[in-house]
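Shown below: work18.csv, with CSV, C-alpha atoms.
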```
chain,number,residue,atom,x,y,z
A,1,MET,CA,-54.7,0.0,-19.1
A,2,ILE,CA,-53.7,-3.5,-18.1
A,3,ALA,CA,-56.3,-5.0,-20.6
A,4,THR,CA,-54.7,-2.9,-23.5
A,5,ALA,CA,-51.2,-4.0,-22.5
A,6,CYS,CA,-52.4,-7.7,-22.4
A,7,LEU,CA,-54.0,-7.3,-25.8
A,8,VAL,CA,-50.7,-6.0,-27.3
A,9,ALA,CA,-48.7,-8.7,-25.6
A,10,VAL,CA,-51.0,-11.5,-26.8
A,11,GLY,CA,-50.6,-10.1,-30.4
A,12,ALA,CA,-46.8,-9.9,-30.1
A,13,ILE,CA,-46.5,-13.4,-28.6
A,14,SER,CA,-48.7,-14.9,-31.3
A,15,VAL,CA,-46.5,-13.3,-34.0
A,16,SER,CA,-43.5,-14.8,-32.2
A,17,ALA,CA,-45.1,-18.2,-32.2
A,18,VAL,CA,-45.7,-18.0,-36.0
A,19,MET,CA,-42.0,-17.1,-36.5
A,20,ASN,CA,-41.1,-20.2,-34.4
A,21,LEU,CA,-43.4,-22.3,-36.6
A,22,TYR,CA,-41.5,-21.0,-39.6
A,23,ARG,CA,-38.2,-22.1,-38.2
A,24,LEU,CA,-39.8,-25.4,-37.1
A,25,GLY,CA,-40.8,-26.2,-40.7
A,26,ARG,CA,-37.9,-24.6,-42.5
A,27,GLY,CA,-34.9,-25.4,-40.1
A,28,PRO,CA,-32.2,-27.1,-42.1
A,29,ASP,CA,-31.0,-29.3,-39.2
A,30,VAL,CA,-32.8,-31.3,-36.5
A,31,LEU,CA,-31.2,-29.0,-33.8
A,32,ASP,CA,-32.9,-26.0,-35.3
A,33,ARG,CA,-36.2,-27.8,-34.8
A,34,ILE,CA,-35.4,-28.7,-31.2
A,35,LEU,CA,-34.4,-25.1,-30.5
A,36,SER,CA,-37.6,-23.8,-32.1
A,37,LEU,CA,-39.8,-26.2,-30.2
A,38,GLU,CA,-38.1,-25.0,-26.9
A,39,THR,CA,-38.8,-21.4,-27.9
A,40,LEU,CA,-42.4,-22.3,-28.8
A,41,VAL,CA,-42.9,-23.8,-25.4
A,42,ILE,CA,-41.5,-20.7,-23.7
A,43,ASN,CA,-43.8,-18.5,-25.8
A,44,THR,CA,-46.8,-20.6,-24.8
A,45,ILE,CA,-45.9,-20.1,-21.1
A,46,GLY,CA,-45.8,-16.4,-21.7
A,47,LEU,CA,-49.2,-16.6,-23.4
A,48,VAL,CA,-50.7,-18.5,-20.4
A,49,VAL,CA,-49.3,-16.0,-17.9
A,50,VAL,CA,-50.6,-13.0,-19.9
A,51,ILE,CA,-54.0,-14.5,-20.2
A,52,GLY,CA,-54.0,-15.3,-16.5
A,53,ILE,CA,-53.4,-11.6,-15.8
A,54,TRP,CA,-56.0,-10.6,-18.3
A,55,PHE,CA,-58.8,-12.8,-16.9
A,56,GLY,CA,-57.6,-12.1,-13.4
A,57,THR,CA,-57.4,-15.8,-12.3
A,58,ALA,CA,-54.4,-17.6,-10.9
A,59,LEU,CA,-55.8,-20.9,-12.0
A,60,TYR,CA,-53.7,-21.2,-15.1
A,61,PHE,CA,-50.3,-21.0,-13.4
A,62,GLU,CA,-50.2,-24.7,-12.6
A,63,ILE,CA,-50.5,-25.4,-16.4
A,64,ALA,CA,-47.6,-23.0,-17.0
A,65,LEU,CA,-45.6,-24.8,-14.3
A,66,LEU,CA,-46.2,-28.2,-16.0
A,67,PHE,CA,-45.2,-26.6,-19.4
A,68,VAL,CA,-41.9,-25.3,-17.9
A,69,ALA,CA,-41.0,-28.8,-16.6
A,70,VAL,CA,-42.1,-30.7,-19.7
A,71,GLY,CA,-40.4,-28.3,-22.1
A,72,PHE,CA,-37.0,-28.5,-20.4
A,73,LEU,CA,-37.1,-32.3,-20.0
A,74,SER,CA,-38.1,-32.9,-23.6
A,75,THR,CA,-35.3,-30.6,-24.9
A,76,VAL,CA,-32.7,-32.3,-22.8
A,77,ALA,CA,-34.0,-35.8,-23.8
A,78,PHE,CA,-33.8,-34.9,-27.5
A,79,CYS,CA,-30.3,-33.6,-27.1
A,80,LYS,CA,-29.2,-36.6,-25.1
A,81,TYR,CA,-30.6,-38.9,-27.8
A,82,LEU,CA,-28.6,-37.0,-30.4
A,83,LEU,CA,-25.4,-37.1,-28.3
A,84,ARG,CA,-25.4,-40.7,-27.1
A,85,GLY,CA,-28.0,-42.5,-29.2
A,86,ASN,CA,-29.9,-43.3,-26.1
A,87,VAL,CA,-32.0,-41.4,-23.5
A,88,ILE,CA,-31.4,-43.7,-20.5
A,89,GLU,CA,-28.2,-45.7,-20.6
S,1,MET,CA,-25.6,-32.6,12.7
S,2,SER,CA,-23.8,-33.3,9.4
S,3,LYS,CA,-25.0,-36.9,9.5
S,4,LEU,CA,-28.6,-35.7,9.7
S,5,LEU,CA,-28.3,-32.7,7.4
S,6,PRO,CA,-25.7,-33.4,4.7
S,7,HIS,CA,-26.7,-30.3,2.7
S,8,PRO,CA,-28.4,-27.7,4.9
S,9,ILE,CA,-28.9,-25.2,2.0
S,10,LEU,CA,-30.6,-28.0,-0.1
S,11,THR,CA,-32.9,-28.7,2.8
S,12,LEU,CA,-34.0,-25.1,3.0
S,13,VAL,CA,-34.5,-24.9,-0.8
S,14,ILE,CA,-36.6,-28.0,-0.9
S,15,ALA,CA,-38.8,-26.9,2.0
S,16,PHE,CA,-39.3,-23.5,0.4
S,17,VAL,CA,-40.1,-25.0,-3.0
S,18,PHE,CA,-42.7,-27.3,-1.4
S,19,VAL,CA,-44.4,-24.5,0.4
S,20,ALA,CA,-44.4,-22.4,-2.7
S,21,LEU,CA,-45.9,-25.2,-4.8
S,22,ILE,CA,-48.7,-25.7,-2.2
S,23,ASN,CA,-49.0,-21.9,-2.3
S,24,THR,CA,-50.3,-21.4,1.3
S,25,PHE,CA,-48.3,-20.6,4.4
S,26,SER,CA,-50.1,-23.1,6.7
S,27,LEU,CA,-48.3,-24.9,9.5
S,28,GLY,CA,-49.0,-28.3,8.0
S,29,SER,CA,-47.4,-27.5,4.6
S,30,MET,CA,-44.4,-26.0,6.3
S,31,LEU,CA,-44.0,-29.1,8.5
S,32,LEU,CA,-44.4,-31.5,5.6
S,33,GLY,CA,-41.9,-29.4,3.6
S,34,GLY,CA,-39.4,-29.6,6.5
S,35,VAL,CA,-39.8,-33.4,6.6
S,36,ILE,CA,-39.3,-33.8,2.9
S,37,GLY,CA,-36.3,-31.3,3.0
S,38,VAL,CA,-34.6,-33.5,5.6
S,39,ALA,CA,-35.5,-36.8,3.9
S,40,ILE,CA,-34.4,-36.1,0.3
S,41,PRO,CA,-30.8,-35.0,1.1
S,42,LEU,CA,-30.4,-38.0,3.3
S,43,PHE,CA,-31.4,-40.4,0.6
S,44,THR,CA,-29.5,-38.7,-2.2
S,45,SER,CA,-26.3,-38.0,-0.2
S,46,PRO,CA,-24.4,-41.0,-1.8
S,47,TYR,CA,-24.7,-39.3,-5.2
S,48,TRP,CA,-23.3,-35.9,-3.9
S,49,PRO,CA,-20.7,-36.8,-1.4
S,50,VAL,CA,-18.5,-33.7,-1.3
S,51,SER,CA,-20.5,-30.6,-0.5
S,52,PRO,CA,-18.9,-27.2,-1.5
S,53,THR,CA,-17.9,-24.8,1.2
S,54,ILE,CA,-19.1,-21.2,0.9
S,55,ARG,CA,-16.4,-19.0,2.4
S,56,ASN,CA,-18.1,-15.6,2.1
S,57,PRO,CA,-21.9,-15.3,2.1
S,58,LEU,CA,-21.8,-11.5,1.5
S,59,LYS,CA,-19.9,-12.1,-1.7
S,60,VAL,CA,-22.8,-14.3,-2.9
S,61,VAL,CA,-25.2,-11.3,-2.7
S,62,GLU,CA,-22.7,-9.2,-4.6
S,63,TYR,CA,-22.3,-11.8,-7.3
S,64,VAL,CA,-26.0,-12.3,-7.7
S,65,ALA,CA,-26.5,-8.5,-8.0
S,66,ILE,CA,-23.7,-8.2,-10.6
S,67,VAL,CA,-25.0,-11.1,-12.7
S,68,GLY,CA,-28.6,-9.8,-12.6
S,69,TRP,CA,-27.5,-6.4,-13.8
S,70,ASP,CA,-25.4,-8.0,-16.6
S,71,ILE,CA,-28.3,-10.2,-17.7
S,72,VAL,CA,-30.5,-7.1,-18.3
S,73,VAL,CA,-27.6,-5.2,-20.0
S,74,SER,CA,-26.7,-8.2,-22.2
S,75,ASN,CA,-30.3,-8.6,-23.3
S,76,VAL,CA,-30.6,-5.0,-24.4
S,77,GLN,CA,-27.3,-5.4,-26.3
S,78,VAL,CA,-28.3,-8.6,-28.0
S,79,ALA,CA,-31.8,-7.2,-28.9
S,80,TYR,CA,-30.1,-4.2,-30.6
S,81,TRP,CA,-27.7,-6.5,-32.6
S,82,VAL,CA,-30.5,-8.8,-33.6
S,83,LEU,CA,-33.0,-6.1,-34.6
S,84,PHE,CA,-30.8,-3.5,-36.3
S,85,TRP,CA,-27.6,-5.1,-37.6
S,86,PRO,CA,-27.4,-7.2,-40.7
S,87,SER,CA,-26.2,-10.7,-39.8
S,88,ARG,CA,-23.0,-10.5,-41.8
S,89,ARG,CA,-21.8,-7.6,-39.6
S,90,LEU,CA,-21.7,-9.9,-36.6
S,91,GLN,CA,-18.2,-11.3,-36.1
S,92,THR,CA,-18.9,-14.7,-34.6
S,93,ARG,CA,-16.1,-16.8,-33.2
S,94,TYR,CA,-15.1,-19.4,-30.6
S,95,VAL,CA,-12.8,-18.4,-27.7
S,96,VAL,CA,-11.2,-20.6,-25.1
S,97,VAL,CA,-11.3,-19.5,-21.4
S,98,PRO,CA,-8.7,-21.4,-19.3
S,99,LEU,CA,-10.1,-22.2,-15.8
S,100,GLU,CA,-8.5,-21.9,-12.4
S,101,LEU,CA,-11.6,-23.1,-10.5
S,102,THR,CA,-11.6,-26.8,-9.6
S,103,SER,CA,-14.8,-27.5,-7.7
S,104,PRO,CA,-17.5,-28.9,-10.1
S,105,GLU,CA,-20.2,-26.7,-8.5
S,106,ALA,CA,-18.2,-23.5,-9.2
S,107,ILE,CA,-17.5,-24.5,-12.8
S,108,ALA,CA,-21.2,-25.2,-13.4
S,109,LEU,CA,-22.1,-21.8,-11.9
S,110,LEU,CA,-19.5,-20.1,-14.1
S,111,ALA,CA,-20.8,-21.9,-17.3
S,112,GLY,CA,-24.3,-20.8,-16.5
S,113,THR,CA,-23.2,-17.3,-15.8
S,114,ILE,CA,-21.4,-17.1,-19.2
S,115,THR,CA,-24.4,-18.3,-21.0
S,116,MET,CA,-26.7,-15.7,-19.4
S,117,THR,CA,-24.4,-12.7,-19.9
S,118,PRO,CA,-23.2,-10.5,-22.8
S,119,GLY,CA,-23.3,-12.2,-26.1
S,120,THR,CA,-21.6,-15.4,-25.0
S,121,VAL,CA,-22.7,-19.1,-24.8
S,122,SER,CA,-20.6,-21.7,-23.0
S,123,ALA,CA,-20.5,-24.5,-25.7
S,124,ASP,CA,-18.3,-27.2,-24.2
S,125,LEU,CA,-16.0,-28.1,-21.3
S,126,ALA,CA,-12.5,-29.7,-21.6
S,127,ALA,CA,-12.5,-33.4,-20.6
S,128,ASP,CA,-10.1,-32.6,-17.7
S,129,GLY,CA,-12.0,-29.5,-16.7
S,130,SER,CA,-9.2,-27.1,-17.6
S,131,ALA,CA,-11.0,-24.8,-19.9
S,132,ILE,CA,-14.5,-23.8,-21.2
S,133,LEU,CA,-15.2,-23.3,-24.9
S,134,VAL,CA,-17.2,-20.1,-25.3
S,135,HIS,CA,-19.1,-19.0,-28.4
S,136,CYS,CA,-19.3,-15.2,-28.9
S,137,LEU,CA,-22.0,-13.6,-30.9
S,138,HIS,CA,-20.0,-10.5,-31.7
S,139,THR,CA,-16.5,-9.7,-30.6
S,140,THR,CA,-13.7,-7.6,-32.1
S,141,ASP,CA,-11.3,-8.3,-29.2
S,142,PRO,CA,-11.3,-12.0,-28.2
S,143,ASP,CA,-8.6,-11.6,-25.6
S,144,GLY,CA,-10.5,-8.8,-24.0
S,145,THR,CA,-13.6,-11.0,-23.7
S,146,VAL,CA,-11.6,-13.7,-22.0
S,147,ALA,CA,-10.0,-11.2,-19.6
S,148,GLN,CA,-13.4,-9.8,-18.8
S,149,ILE,CA,-14.9,-13.2,-18.0
S,150,LYS,CA,-11.9,-14.1,-15.8
S,151,THR,CA,-11.8,-10.8,-13.9
S,152,ARG,CA,-15.5,-10.2,-13.6
S,153,TYR,CA,-16.9,-13.6,-12.8
S,154,GLU,CA,-14.2,-16.2,-12.1
S,155,ARG,CA,-12.3,-14.0,-9.6
S,156,ARG,CA,-15.5,-13.5,-7.6
S,157,LEU,CA,-16.4,-17.2,-7.8
S,158,LYS,CA,-12.9,-18.1,-6.5
S,159,GLU,CA,-13.4,-15.7,-3.6
S,160,ILE,CA,-16.8,-17.4,-2.8
S,161,PHE,CA,-15.7,-21.1,-3.1
S,162,GLY,CA,-12.0,-20.6,-2.1
N,1,MET,CA,-55.9,6.4,-6.2
N,2,THR,CA,-52.5,7.4,-7.4
N,3,MET,CA,-51.1,4.3,-5.8
N,4,ALA,CA,-53.4,2.0,-7.7
N,5,TRP,CA,-52.6,4.0,-10.9
N,6,LEU,CA,-48.9,3.6,-10.3
N,7,SER,CA,-49.1,-0.2,-9.8
N,8,GLU,CA,-51.3,-0.5,-12.9
N,9,PHE,CA,-48.7,1.4,-14.9
N,10,LEU,CA,-45.9,-0.7,-13.5
N,11,VAL,CA,-47.7,-4.0,-14.4
N,12,SER,CA,-48.6,-2.8,-17.9
N,13,ALA,CA,-45.0,-1.7,-18.6
N,14,LEU,CA,-43.6,-5.0,-17.4
N,15,ILE,CA,-46.0,-7.0,-19.6
N,16,LEU,CA,-45.0,-4.9,-22.6
N,17,ILE,CA,-41.3,-5.3,-21.9
N,18,GLY,CA,-41.7,-9.1,-21.5
N,19,ALA,CA,-43.7,-9.4,-24.7
N,20,PHE,CA,-41.0,-7.3,-26.5
N,21,PHE,CA,-38.2,-9.6,-25.4
N,22,LEU,CA,-40.1,-12.7,-26.3
N,23,PHE,CA,-40.7,-11.2,-29.7
N,24,VAL,CA,-36.9,-10.4,-30.1
N,25,GLY,CA,-36.0,-13.9,-29.2
N,26,SER,CA,-38.3,-15.4,-31.8
N,27,PHE,CA,-37.3,-12.9,-34.4
N,28,GLY,CA,-33.6,-13.7,-33.8
N,29,LEU,CA,-34.4,-17.4,-34.1
N,30,MET,CA,-36.0,-16.7,-37.5
N,31,LYS,CA,-33.4,-14.2,-38.9
N,32,LEU,CA,-29.9,-15.3,-37.8
N,33,PRO,CA,-28.1,-17.5,-40.3
N,34,ASP,CA,-26.6,-20.5,-38.4
N,35,ILE,CA,-27.5,-22.6,-35.4
N,36,MET,CA,-24.9,-21.3,-33.0
N,37,ARG,CA,-25.9,-17.7,-33.7
N,38,ARG,CA,-29.6,-18.7,-33.4
N,39,LEU,CA,-28.8,-20.1,-30.0
N,40,HIS,CA,-28.0,-16.7,-28.6
N,41,ALA,CA,-31.4,-15.1,-29.2
N,42,PRO,CA,-33.8,-17.6,-27.5
N,43,THR,CA,-31.6,-18.5,-24.5
N,44,LYS,CA,-31.1,-14.9,-23.4
N,45,SER,CA,-34.1,-12.9,-24.6
N,46,THR,CA,-36.9,-15.3,-24.0
N,47,THR,CA,-35.7,-16.0,-20.5
N,48,LEU,CA,-35.7,-12.3,-19.6
N,49,GLY,CA,-39.0,-11.9,-21.3
N,50,ILE,CA,-40.6,-14.6,-19.2
N,51,GLY,CA,-39.0,-13.3,-16.1
N,52,SER,CA,-40.5,-9.9,-16.7
N,53,LEU,CA,-43.9,-11.3,-17.4
N,54,LEU,CA,-43.8,-13.3,-14.2
N,55,ILE,CA,-42.7,-10.3,-12.1
N,56,ALA,CA,-45.7,-8.4,-13.7
N,57,SER,CA,-48.0,-11.3,-12.7
N,58,MET,CA,-46.7,-11.4,-9.1
N,59,LEU,CA,-47.1,-7.6,-8.7
N,60,TYR,CA,-50.6,-7.8,-10.2
N,61,PHE,CA,-51.9,-10.5,-7.9
N,62,ALA,CA,-50.1,-9.1,-4.8
N,63,LEU,CA,-50.9,-5.3,-5.3
N,64,LEU,CA,-54.2,-5.1,-7.1
N,65,ARG,CA,-56.0,-8.3,-6.2
N,66,ASP,CA,-54.6,-9.1,-2.7
N,67,GLU,CA,-54.1,-12.8,-3.4
N,68,PRO,CA,-50.3,-13.2,-3.5
N,69,SER,CA,-49.0,-16.3,-5.3
N,70,LEU,CA,-45.6,-18.0,-5.2
N,71,HIS,CA,-45.9,-20.1,-8.3
N,72,GLU,CA,-44.4,-17.4,-10.5
N,73,LEU,CA,-41.3,-17.2,-8.3
N,74,ILE,CA,-40.7,-21.0,-8.7
N,75,MET,CA,-41.3,-20.8,-12.5
N,76,SER,CA,-38.9,-17.9,-13.1
N,77,VAL,CA,-36.1,-19.5,-10.9
N,78,PHE,CA,-36.6,-22.8,-12.7
N,79,LEU,CA,-36.4,-21.1,-16.1
N,80,PHE,CA,-33.3,-19.1,-15.2
N,81,LEU,CA,-31.6,-22.3,-14.0
N,82,THR,CA,-32.6,-24.5,-17.0
N,83,ALA,CA,-31.9,-22.1,-19.9
N,84,PRO,CA,-28.1,-22.4,-19.7
N,85,ILE,CA,-28.4,-26.2,-19.6
N,86,THR,CA,-30.5,-26.5,-22.7
N,87,ALA,CA,-28.1,-24.1,-24.5
N,88,HIS,CA,-25.2,-26.2,-23.4
N,89,MET,CA,-26.8,-29.5,-24.6
N,90,ILE,CA,-27.8,-28.1,-28.0
N,91,SER,CA,-24.3,-26.7,-28.6
N,92,LYS,CA,-22.7,-30.0,-27.5
N,93,ALA,CA,-24.9,-31.9,-30.0
N,94,HIS,CA,-24.0,-29.4,-32.7
N,95,ILE,CA,-20.3,-29.9,-32.1
N,96,LEU,CA,-20.7,-33.6,-32.2
N,97,ARG,CA,-22.7,-33.6,-35.4
N,98,SER,CA,-20.6,-31.1,-37.5
N,99,ARG,CA,-17.4,-32.5,-39.0
N,100,ALA,CA,-16.3,-29.2,-40.5
N,101,LEU,CA,-16.6,-27.4,-37.1
N,102,GLN,CA,-14.5,-30.0,-35.3
N,103,GLN,CA,-11.6,-29.3,-37.6
N,104,GLU,CA,-11.5,-25.5,-36.8
N,105,LEU,CA,-12.2,-25.5,-33.1
N,106,PRO,CA,-9.5,-24.0,-30.9
N,107,LYS,CA,-7.6,-26.6,-28.8
N,108,PRO,CA,-8.0,-26.5,-24.9
N,109,PRO,CA,-4.7,-25.8,-23.0
N,110,GLY,CA,-4.7,-29.1,-21.1
N,111,GLU,CA,-3.7,-32.5,-22.4
N,112,GLU,CA,-7.3,-33.7,-22.9
N,113,GLY,CA,-9.6,-32.6,-25.7
N,114,TRP,CA,-13.1,-31.2,-25.5
N,115,ALA,CA,-15.5,-33.4,-23.4
N,116,THR,CA,-18.0,-34.0,-26.3
N,117,LEU,CA,-15.4,-35.3,-28.7
N,118,ASP,CA,-13.0,-36.9,-26.3
N,119,PRO,CA,-15.1,-38.2,-23.4
N,120,HIS,CA,-13.1,-39.0,-20.3
N,121,GLY,CA,-13.2,-42.6,-19.2
N,122,VAL,CA,-15.8,-43.8,-21.8
N,123,ASP,CA,-13.1,-45.1,-24.2
N,124,GLU,CA,-11.3,-47.1,-21.6
N,125,ALA,CA,-14.6,-48.6,-20.5
N,126,ARG,CA,-15.6,-49.5,-24.1
N,127,SER,CA,-12.3,-51.1,-24.9
N,128,THR,CA,-12.7,-53.7,-22.1
N,129,GLU,CA,-16.3,-54.6,-23.2
N,130,PRO,CA,-16.8,-57.2,-25.8
N,131,ALA,CA,-17.4,-55.7,-29.3
N,132,GLN,CA,-21.0,-54.9,-30.0
N,133,PRO,CA,-22.5,-56.9,-32.9
N,134,PRO,CA,-23.5,-54.5,-35.8
N,135,ARG,CA,-27.1,-53.7,-35.8
```
Please re-express this file's structure in structure tokens.
Amino acid sequence: MIATACLVAVGAISVSAVMNLYRLGRGPDVLDRILSLETLVINTIGLVVVIGIWFGTALYFEIALLFVAVGFLSTVAFCKYLLRGNVIE
Amino acid sequence: MSKLLPHPILTLVIAFVFVALINTFSLGSMLLGGVIGVAIPLFTSPYWPVSPTIRNPLKVVEYVAIVGWDIVVSNVQVAYWVLFWPSRRLQTRYVVVPLELTSPEAIALLAGTITMTPGTVSADLAADGSAILVHCLHTTDPDGTVAQIKTRYERRLKEIFG
Amino acid sequence: MTMAWLSEFLVSALILIGAFFLFVGSFGLMKLPDIMRRLHAPTKSTTLGIGSLLIASMLYFALLRDEPSLHELIMSVFLFLTAPITAHMISKAHILRSRALQQELPKPPGEEGWATLDPHGVDEARSTEPAQPPR
């Protein structure tokens, strides 16, 4: 049962990632692209967690932890650059 | 006591996060977590001089429960709007929520709560901290939205932080 | 036997709910027409989706495999704390970059303007500095 649920979840998350890529290429403004990158990172974390459950190993969670931190920091750095023209003042 | 531990709750949080990152409940990791939890607030206390006072710890539990429930409800609501409504039916607008809170921690908590709950995102703060600019995804009654934020979240935060 | 079946069912349901909310967040990002409306779908839905997936993972490793893990707890707390901050930064950058929006924003009740457009103290500091040469 869990394997079937994981298969469906991987499919749904992959479709979500494709929709994020559409917004990443299409997005009229640079902020749309930042937002879609952020969502893409979150979708990737979801994919890593689902595959960790599917294969029954807790080994991948440290990758997911790194993704959480790097995704947040890069989004804030992009926005800070747009707001002030500098990342570290 | 307050010299050694400027922020006791921060000490507990750091120790717990360290143990959770190591992922084993051994004595050594708990000890090292405790040492780091004491050291980091000591070295960073010049950047956070005034610590907030929590009047009523029971109210914190009530607040967390209410916000958690509202997060689930708001997600179902936003999912319904996004999936089944055409975008032109959404009446989007900005509203201004005047603030009575003064402590920076309480205002930050209120802004985060507004972002996570029904159809609203906190967009900006007034330069003197007197109001929050809130963006609503769909509202037909702006005054009602403001009144709901004030009675449901701000009143409880005022009871917690005094 | 039934206990194991029940926990398997719970984990599968949580995985499906999480994947559904991740899908809704990305669908809203693709469908909605402007940036402030797009901001609503990813900040709320994807955070709840990830939270649900991480609860499923915690239950799975604690109930069915007997090797409980605390990393998921750290990740979900971190995501719930950082989602409002990214939303706030993106909307601040949007307010700063859009001239048409600045004209129609409602005014705050106090004497000062919004912090993005009228930063407190920065102007006074800039006026005492020597003028920057144009780059």
Between N:Ile15, N:Phe23, N:Thr43, N:Ile35, smallest distance to Pro84 (chain N) by all atoms listed in the file belongs to N:Thr43
Practice problem: Find the spatial neighbours of Val48 (chain A), counting only C-alpha atoms, within a cut-off of 9 Å - ignore same-chain residues fewer than 5 positions away - and output them as a PyMOL selection string. | Solution: chain A and resi 43+53+60-61+63-64
Worksheet entry | region 51-63 of chain N surroundings by only C-alpha atoms, 6 Å radius, close-in-sequence under 5 positions cut, as a PyMOL selection string | chain N and resi 11+14-15+18+68+72+76
Same residues, C-alpha atoms, saved as a tab-separated table (two decimals), in the frame of the given file:
```
chain	number	residue	atom	x	y	z
N	11	VAL	CA	-47.70	-4.00	-14.40
N	14	LEU	CA	-43.60	-5.00	-17.40
N	15	ILE	CA	-46.00	-7.00	-19.60
N	18	GLY	CA	-41.70	-9.10	-21.50
N	68	PRO	CA	-50.30	-13.20	-3.50
N	72	GLU	CA	-44.40	-17.40	-10.50
N	76	SER	CA	-38.90	-17.90	-13.10
```
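In this model, the gap between CA of Val35 (chain S) and CA of Ala108 (chain S) comes to 28.5 Å.
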Handout entry: chain S contacts on chain N, all atoms listed in the file, 9 Å, as an MDAnalysis selection string
Key = chainID N and resid 21 24:25 27:28 31:33 36:37 39:41 43:45 48 68:71 73:74 80:81 83:85 87:92 95 105:120
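Between CA of Val10 (chain A) and CA of Met3 (chain N) the interatomic distance comes to 26.3 Å.
Counting from CA of Arg155 (chain S), the distance to CA of Ser51 (chain S) is 20.6 Å.
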